[in-house]
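Enquirer: entry16.txt is the file, holding compact mmCIF, C-alpha atoms:
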# COMPACT_ATOMS: atom_id res chain seq x y z
CA MET A 28 57.55 145.79 117.94
CA THR A 29 61.18 146.84 117.79
CA THR A 30 64.19 144.56 117.92
CA LYS A 31 66.26 144.48 121.12
CA HIS A 32 69.86 144.19 119.89
CA ILE A 33 72.84 142.56 121.59
CA ALA A 34 75.08 145.11 123.34
CA GLN A 35 77.88 142.66 124.16
CA VAL A 36 78.69 138.98 124.51
CA GLU A 37 80.49 137.63 127.55
CA ARG A 38 82.30 134.35 127.77
CA GLU A 39 83.50 132.97 131.07
CA ASN A 40 85.60 135.52 132.97
CA SER A 41 87.28 132.89 135.12
CA ARG A 42 87.15 129.25 136.14
CA HIS A 43 87.58 128.44 139.78
CA TRP A 44 86.39 126.13 142.54
CA VAL A 45 83.90 127.23 145.16
CA GLY A 46 84.83 125.03 148.09
CA ASP A 47 85.62 121.50 146.93
CA GLY A 48 82.27 120.77 145.29
CA PHE A 49 81.50 123.44 142.70
CA PRO A 50 83.77 124.02 139.68
CA VAL A 51 82.32 127.28 138.32
CA ARG A 52 82.67 129.54 135.32
CA ASN A 53 81.99 133.14 136.23
CA MET A 54 79.89 134.68 133.46
CA PHE A 55 79.61 138.18 134.91
CA SER A 56 80.10 140.10 138.14
CA TYR A 57 79.14 143.48 139.56
CA ASP A 58 82.87 144.32 139.49
CA ASN A 59 82.80 144.76 135.72
CA LEU A 60 79.14 145.00 134.69
CA GLY A 61 77.27 146.18 137.78
CA ALA A 62 75.44 149.16 136.33
CA GLU A 63 74.78 147.53 132.95
CA LEU A 64 73.28 144.36 134.45
CA SER A 65 71.32 145.84 137.37
CA PRO A 66 69.41 144.36 139.19
CA PHE A 67 71.61 141.29 138.57
CA LEU A 68 74.99 141.20 140.30
CA LEU A 69 76.77 137.95 139.47
CA LEU A 70 76.24 134.68 137.65
CA ASP A 71 78.28 131.50 138.14
CA TYR A 72 77.72 128.45 135.93
CA ALA A 73 78.82 125.29 137.74
CA GLY A 74 79.64 122.21 135.67
CA PRO A 75 78.64 120.08 133.99
CA ALA A 76 81.13 118.11 136.08
CA ASP A 77 81.24 114.45 137.05
CA PHE A 78 81.85 113.30 140.63
CA ASP A 79 82.59 109.84 142.01
CA PRO A 80 80.69 108.48 145.01
CA THR A 81 82.15 109.50 148.35
CA THR A 82 81.55 109.23 152.07
CA LYS A 83 82.62 112.82 152.80
CA SER A 84 80.67 116.03 152.30
CA ARG A 85 81.71 118.13 149.31
CA GLY A 86 80.76 121.76 148.80
CA VAL A 87 81.29 125.03 150.60
CA GLY A 88 81.00 125.47 154.36
CA ALA A 89 79.19 128.16 156.31
CA HIS A 90 79.77 131.62 154.87
CA PRO A 91 77.99 135.00 155.16
CA HIS A 92 75.98 137.18 152.76
CA ARG A 93 74.38 140.60 153.17
CA GLY A 94 72.50 142.99 150.89
CA PHE A 95 71.23 140.74 148.09
CA GLU A 96 69.64 137.40 147.14
CA THR A 97 71.13 134.16 145.82
CA VAL A 98 69.16 132.12 143.28
CA THR A 99 70.34 128.55 142.69
CA ILE A 100 68.92 126.56 139.77
CA VAL A 101 69.82 122.87 139.50
CA TYR A 102 69.90 121.19 136.10
CA GLN A 103 71.67 117.93 137.05
CA GLY A 104 72.56 116.46 140.44
CA ASP A 105 71.32 117.63 143.83
CA VAL A 106 72.41 120.30 146.32
CA THR A 107 71.67 120.57 150.06
CA HIS A 108 71.34 123.95 151.78
CA ARG A 109 71.44 124.84 155.48
CA ASP A 110 71.45 128.27 157.09
CA ASN A 111 71.50 129.75 160.58
CA ALA A 112 67.90 130.94 160.25
CA GLY A 113 66.81 127.32 160.54
CA ASN A 114 66.17 126.67 156.85
CA ALA A 115 67.37 123.44 155.27
CA GLY A 116 66.52 121.40 152.21
CA THR A 117 67.75 119.56 149.15
CA ILE A 118 66.98 120.61 145.59
CA GLY A 119 67.37 118.42 142.50
CA PRO A 120 66.94 118.76 138.73
CA GLY A 121 64.51 121.54 137.88
CA ASP A 122 64.31 122.87 141.43
CA VAL A 123 65.23 126.40 142.54
CA GLN A 124 66.42 127.81 145.86
CA TRP A 125 65.79 131.56 146.23
CA MET A 126 67.53 132.83 149.37
CA THR A 127 67.21 136.43 150.53
CA ALA A 128 70.28 137.25 152.62
CA ALA A 129 69.17 140.87 153.21
CA LYS A 130 70.48 142.05 156.61
CA GLY A 131 72.67 138.98 156.98
CA ILE A 132 72.69 135.21 156.98
CA LEU A 133 75.20 132.34 157.23
CA HIS A 134 74.65 129.32 155.01
CA GLU A 135 76.37 126.29 153.58
CA GLU A 136 75.87 124.47 150.29
CA ILE A 137 76.97 120.87 149.81
CA HIS A 138 76.31 118.04 147.41
CA GLY A 139 72.98 116.35 148.03
CA PRO A 140 72.68 112.74 149.25
CA ILE A 141 72.20 111.20 145.79
CA LEU A 142 75.22 112.92 144.24
CA LYS A 143 77.27 112.14 147.35
CA GLU A 144 76.37 108.47 147.66
CA GLN A 145 75.93 107.48 144.01
CA GLY A 146 78.10 110.00 142.18
CA GLY A 147 77.02 111.58 138.91
CA THR A 148 76.90 114.87 137.06
CA LEU A 149 76.43 118.25 138.71
CA GLU A 150 75.17 121.20 136.65
CA MET A 151 73.73 124.33 138.24
CA VAL A 152 73.60 128.11 138.03
CA GLN A 153 73.86 130.57 140.89
CA LEU A 154 72.62 134.09 140.26
CA TRP A 155 72.98 137.02 142.65
CA VAL A 156 70.10 139.52 142.59
CA ASN A 157 70.56 142.96 144.12
CA LEU A 158 68.17 144.49 146.63
CA PRO A 159 67.19 148.18 146.66
CA ALA A 160 68.63 150.20 149.55
CA GLN A 161 65.30 150.24 151.40
CA ASP A 162 65.27 146.41 151.52
CA LYS A 163 68.92 145.57 152.13
CA MET A 164 68.42 145.34 155.88
CA SER A 165 65.10 143.51 155.77
CA ALA A 166 64.67 140.08 157.35
CA PRO A 167 66.23 137.08 155.57
CA ARG A 168 63.89 134.60 153.91
CA TYR A 169 64.11 131.34 152.00
CA GLN A 170 62.02 130.12 149.07
CA ASP A 171 62.27 126.42 148.21
CA ILE A 172 60.77 126.32 144.69
CA LEU A 173 60.31 122.76 143.47
CA ASN A 174 60.09 121.83 139.80
CA VAL A 175 56.54 120.56 140.23
CA ASN A 176 55.43 124.06 141.29
CA ILE A 177 57.05 125.94 138.38
CA PRO A 178 54.55 126.46 135.53
CA THR A 179 55.59 125.49 132.00
CA VAL A 180 54.39 127.19 128.81
CA SER A 181 54.66 125.35 125.47
CA PHE A 182 55.55 127.31 122.35
CA ASP A 183 53.49 126.87 119.20
CA HIS A 184 54.50 124.27 116.57
CA ASN A 185 56.37 122.14 119.15
CA ALA A 186 59.15 124.74 119.19
CA GLY A 187 59.97 124.15 122.85
CA THR A 188 59.00 125.14 126.39
CA LEU A 189 59.49 127.95 128.89
CA ARG A 190 59.37 127.53 132.68
CA VAL A 191 58.36 130.69 134.53
CA ILE A 192 60.52 130.77 137.67
CA ALA A 193 59.86 134.45 138.40
CA GLY A 194 57.76 137.14 136.78
CA GLU A 195 55.28 136.42 134.03
CA PHE A 196 55.07 134.96 130.52
CA GLN A 197 51.85 134.90 128.45
CA ASN A 198 49.84 135.75 131.59
CA ILE A 199 51.36 132.81 133.50
CA ARG A 200 53.08 133.87 136.72
CA GLY A 201 56.03 132.16 138.34
CA PRO A 202 56.11 131.25 142.04
CA ALA A 203 59.18 133.28 143.12
CA LYS A 204 58.53 136.38 145.21
CA THR A 205 60.81 139.28 144.23
CA PHE A 206 61.48 142.73 145.68
CA THR A 207 61.69 144.43 142.27
CA PRO A 208 60.16 143.46 138.89
CA ILE A 209 62.12 140.44 137.58
CA GLU A 210 61.51 137.77 134.97
CA LEU A 211 63.56 134.59 135.22
CA TRP A 212 62.78 131.99 132.54
CA ASP A 213 64.20 128.51 131.92
CA VAL A 214 63.81 128.04 128.15
CA ARG A 215 64.24 124.94 125.94
CA ILE A 216 64.12 125.32 122.14
CA HIS A 217 64.03 122.35 119.81
CA ALA A 218 66.50 122.20 116.94
CA GLY A 219 65.37 124.01 113.78
CA HIS A 220 62.71 126.12 115.49
CA ASP A 221 62.26 129.87 116.01
CA ILE A 222 60.74 131.69 118.96
CA ASP A 223 60.07 135.36 119.62
CA LEU A 224 60.39 136.68 123.17
CA GLN A 225 58.74 139.92 124.25
CA PHE A 226 60.29 142.21 126.85
CA LYS A 227 59.66 145.55 128.52
CA THR A 228 61.72 148.27 126.92
CA GLY A 229 64.09 150.04 129.29
CA PHE A 230 64.69 146.91 131.40
CA THR A 231 67.90 144.90 131.60
CA THR A 232 67.77 141.76 129.43
CA ALA A 233 70.34 138.97 129.17
CA ILE A 234 70.51 135.37 127.96
CA LEU A 235 72.86 132.57 129.09
CA VAL A 236 73.20 129.57 126.78
CA LEU A 237 73.82 126.43 128.82
CA SER A 238 73.82 123.94 125.94
CA GLY A 239 73.23 124.01 122.19
CA LYS A 240 73.60 126.84 119.72
CA ILE A 241 71.25 129.67 118.73
CA ASN A 242 71.09 132.52 116.26
CA VAL A 243 69.91 135.82 117.77
CA ASN A 244 67.88 138.28 115.67
CA ASP A 245 69.07 136.53 112.46
CA ARG A 246 72.56 137.90 113.12
CA SER A 247 74.65 136.78 116.11
CA GLU A 248 75.36 133.23 117.21
CA LEU A 249 75.61 132.07 120.81
CA GLN A 250 76.66 128.66 122.07
CA SER A 251 77.24 126.84 125.34
CA ALA A 252 78.62 128.99 128.20
CA GLU A 253 78.12 132.24 126.31
CA PHE A 254 76.14 135.13 127.71
CA ALA A 255 74.53 138.01 125.79
CA LEU A 256 73.63 141.37 127.31
CA PHE A 257 71.06 143.30 125.28
CA GLU A 258 70.49 147.00 124.80
CA ARG A 259 67.71 148.32 127.01
CA GLU A 260 65.81 149.83 124.09
CA GLY A 261 63.56 147.55 122.06
CA ASP A 262 61.10 144.87 123.08
CA THR A 263 61.56 141.78 120.86
CA VAL A 264 64.27 139.12 120.54
CA ARG A 265 64.07 136.37 117.91
CA LEU A 266 65.91 133.12 118.58
CA HIS A 267 66.60 130.31 116.13
CA ALA A 268 67.95 127.03 117.51
CA HIS A 269 70.54 125.20 115.43
CA ASP A 270 70.57 122.40 118.03
CA ASP A 271 68.36 121.48 120.96
CA THR A 272 69.18 124.42 123.22
CA THR A 273 68.79 125.27 126.90
CA LEU A 274 68.75 128.96 127.88
CA LEU A 275 68.36 131.01 131.02
CA VAL A 276 66.67 134.38 130.38
CA LEU A 277 67.13 137.27 132.82
CA HIS A 278 64.99 140.41 132.61
CA GLY A 279 64.55 143.03 135.28
CA GLU A 280 64.01 146.65 136.18
CA PRO A 281 67.35 148.36 136.87
CA ILE A 282 68.01 149.60 140.40
CA ASP A 283 69.44 153.09 139.94
CA GLU A 284 71.57 153.12 143.10
CA PRO A 285 75.31 152.83 143.83
CA ILE A 286 76.76 149.32 144.01
CA VAL A 287 79.56 148.84 146.54
CA GLY A 288 80.65 145.28 147.11
CA GLN A 289 83.30 143.32 148.92
CA GLY A 290 83.24 139.54 148.72
CA PRO A 291 79.93 138.29 150.13
CA PHE A 292 78.58 141.77 150.96
CA VAL A 293 76.91 144.11 148.43
CA MET A 294 75.67 147.43 149.77
CA ASN A 295 75.42 151.08 148.64
CA THR A 296 78.35 152.69 150.50
CA GLN A 297 81.80 151.73 151.75
CA GLU A 298 80.69 152.52 155.28
CA GLU A 299 77.91 149.93 154.97
CA ILE A 300 80.48 147.37 153.83
CA ARG A 301 82.64 148.10 156.87
CA GLN A 302 79.58 147.77 159.09
CA ALA A 303 78.72 144.42 157.48
CA ALA A 304 82.20 143.09 158.25
CA THR A 305 81.95 144.38 161.83
CA ASP A 306 78.53 142.83 162.34
CA PHE A 307 79.68 139.50 160.94
CA LYS A 308 82.71 139.37 163.21
CA ALA A 309 80.47 140.27 166.17
CA GLY A 310 78.19 137.31 165.43
CA LEU A 311 75.20 139.50 164.55
CA PHE A 312 74.22 137.70 161.32
Could you take the file, read its structure, and then write that structure out as structure tokens?

Expert:
Amino acid sequence: MTTKHIAQVERENSRHWVGDGFPVRNMFSYDNLGAELSPFLLLDYAGPADFDPTTKSRGVGAHPHRGFETVTIVYQGDVTHRDNAGNAGTIGPGDVQWMTAAKGILHEEIHGPILKEQGGTLEMVQLWVNLPAQDKMSAPRYQDILNVNIPTVSFDHNAGTLRVIAGEFQNIRGPAKTFTPIELWDVRIHAGHDIDLQFKTGFTTAILVLSGKINVNDRSELQSAEFALFEREGDTVRLHAHDDTTLLVLHGEPIDEPIVGQGPFVMNTQEEIRQAATDFKAGLF
């Protein structure tokens, strides 16, 4: 086993509102780390933010995507999704929505009925996952992955737990279907405990700390809303939790293809971006 070292640490690049319902911190984007973080394109961390009860819908209205997937993980609150392919649903704490935009889709995301009617705290992550060129124009699809269907692995010595959203951990497979090899793990580590995570060398590996504080490889410290990108060489990361800590672990095979993006479209060439805009305006999504 060889240690996988941190290449760089990112703190929020910007804070902004998405619509009127999602105050987000952008942790990374393909604009500045596209090649280094492939196959991952963007990660927004929304909240934690408190909302009062309301009678109006809060969120972001219908908008297009093409060329990638959006993965929404809810930690607190609830979020309702609707798209023009006929998919609709509400996800709450622990649930995941994995939407493949591919050749084009229009969708909206608003606060769910509980958050809307009762108020409360919203905390969620939205990750964009790239698609290889051969799959960018495939049919859209929607995976509604409920908490009850996500397997949980317990670490030895009551050190914590790991939910396998996608990929595999200790021969336990997650329910998400992916186009390229991806591991997506929701990890909780109890204060004072150590865990070792094993990865495939040569793959992209990154960790977002949502809450708590950890020491990485007995050297670097990460705390809430900090994001570490690791070198691709090496296969082991040791984590020590100073506090009860919640992490999101991303691990995936890089897609060695050009990344050309503009707003909600991520393709391989500028011509494909122009075509996406033309198709959207023509009502072809």

Enquirer: So, counting all atoms listed in the file, which residue among A:Pro91, A:Gly187, A:Gly74, A:Gly147 is closest to Gly104 of chain A?

Expert: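 For Gly104 of chain A, the nearest of the given residues is A:Gly147.
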
Enquirer: Find, counting only C-alpha atoms, the residue in A:Phe95, A:Ser247, A:Glu195, A:Arg265 that gets nearest to Ser65 of chain A.

Expert: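 Under the stated criterion, the closest residue is A:Phe95.
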
Enquirer: Need the shell around Val87 of chain A: protein/DNA/RNA residues with any atom at most 9 Å away, counting only C-alpha atoms. Skip same-chain ones fewer than 6 positions apart. Format as a PyMOL selection string?

Expert: chain A and resi 45-49+135-137

Enquirer: Please report, as lines of an AutoDock Vina configuration file, the centre and edge lengths in Å to one decimal of an axis-aligned box covering all listed atoms of segment 285-292 of chain A with 3 Å per side.

Expert:
center_x = 79.3
center_y = 145.6
center_z = 147.4
size_x = 14.0
size_y = 20.5
size_z = 13.1

Enquirer: What's the 9 Å shell around Ile282 of chain A, counting all atoms listed in the file, without same-chain residues fewer than 4 positions away, as a PyMOL selection string?

Expert: chain A and resi 62+65-66+157-159+207

Enquirer: Restricting the calculation to all atoms listed in the file: of A:Lys204, A:His217, A:Arg42, A:Lys308, which residue gets closest to His267 of chain A?

Expert: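 Result for the nearest residue to His267 of chain A: A:His217.
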
Enquirer: I'd like the interatomic distance between atom CA of Phe78 of chain A and atom CA of Ile118 of chain A, to a tenth of an Å.

Expert: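 Separation between atom CA of Phe78 of chain A and atom CA of Ile118 of chain A: 17.3 Å.
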
Enquirer: Pick the closest to Ala304 of chain A from A:Arg93, A:Arg215, A:Arg259, A:Arg52: which is it, counting all atoms listed in the file?

Expert: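 Comparing A:Arg93, A:Arg215, A:Arg259, A:Arg52 against Ala304 of chain A, the winner is A:Arg93.
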
Enquirer: What's around Val106 of chain A at 9 Å? Count only C-alpha atoms, leave out sequence neighbours fewer than 3 positions away in its own chain, and write the answer as a list in words.

Expert: Gly86, Val101, Gly116, Thr117, Ile118, Gly119, Glu136, Ile137, His138, Gly139, Pro140, Leu142 and Leu149 of chain A
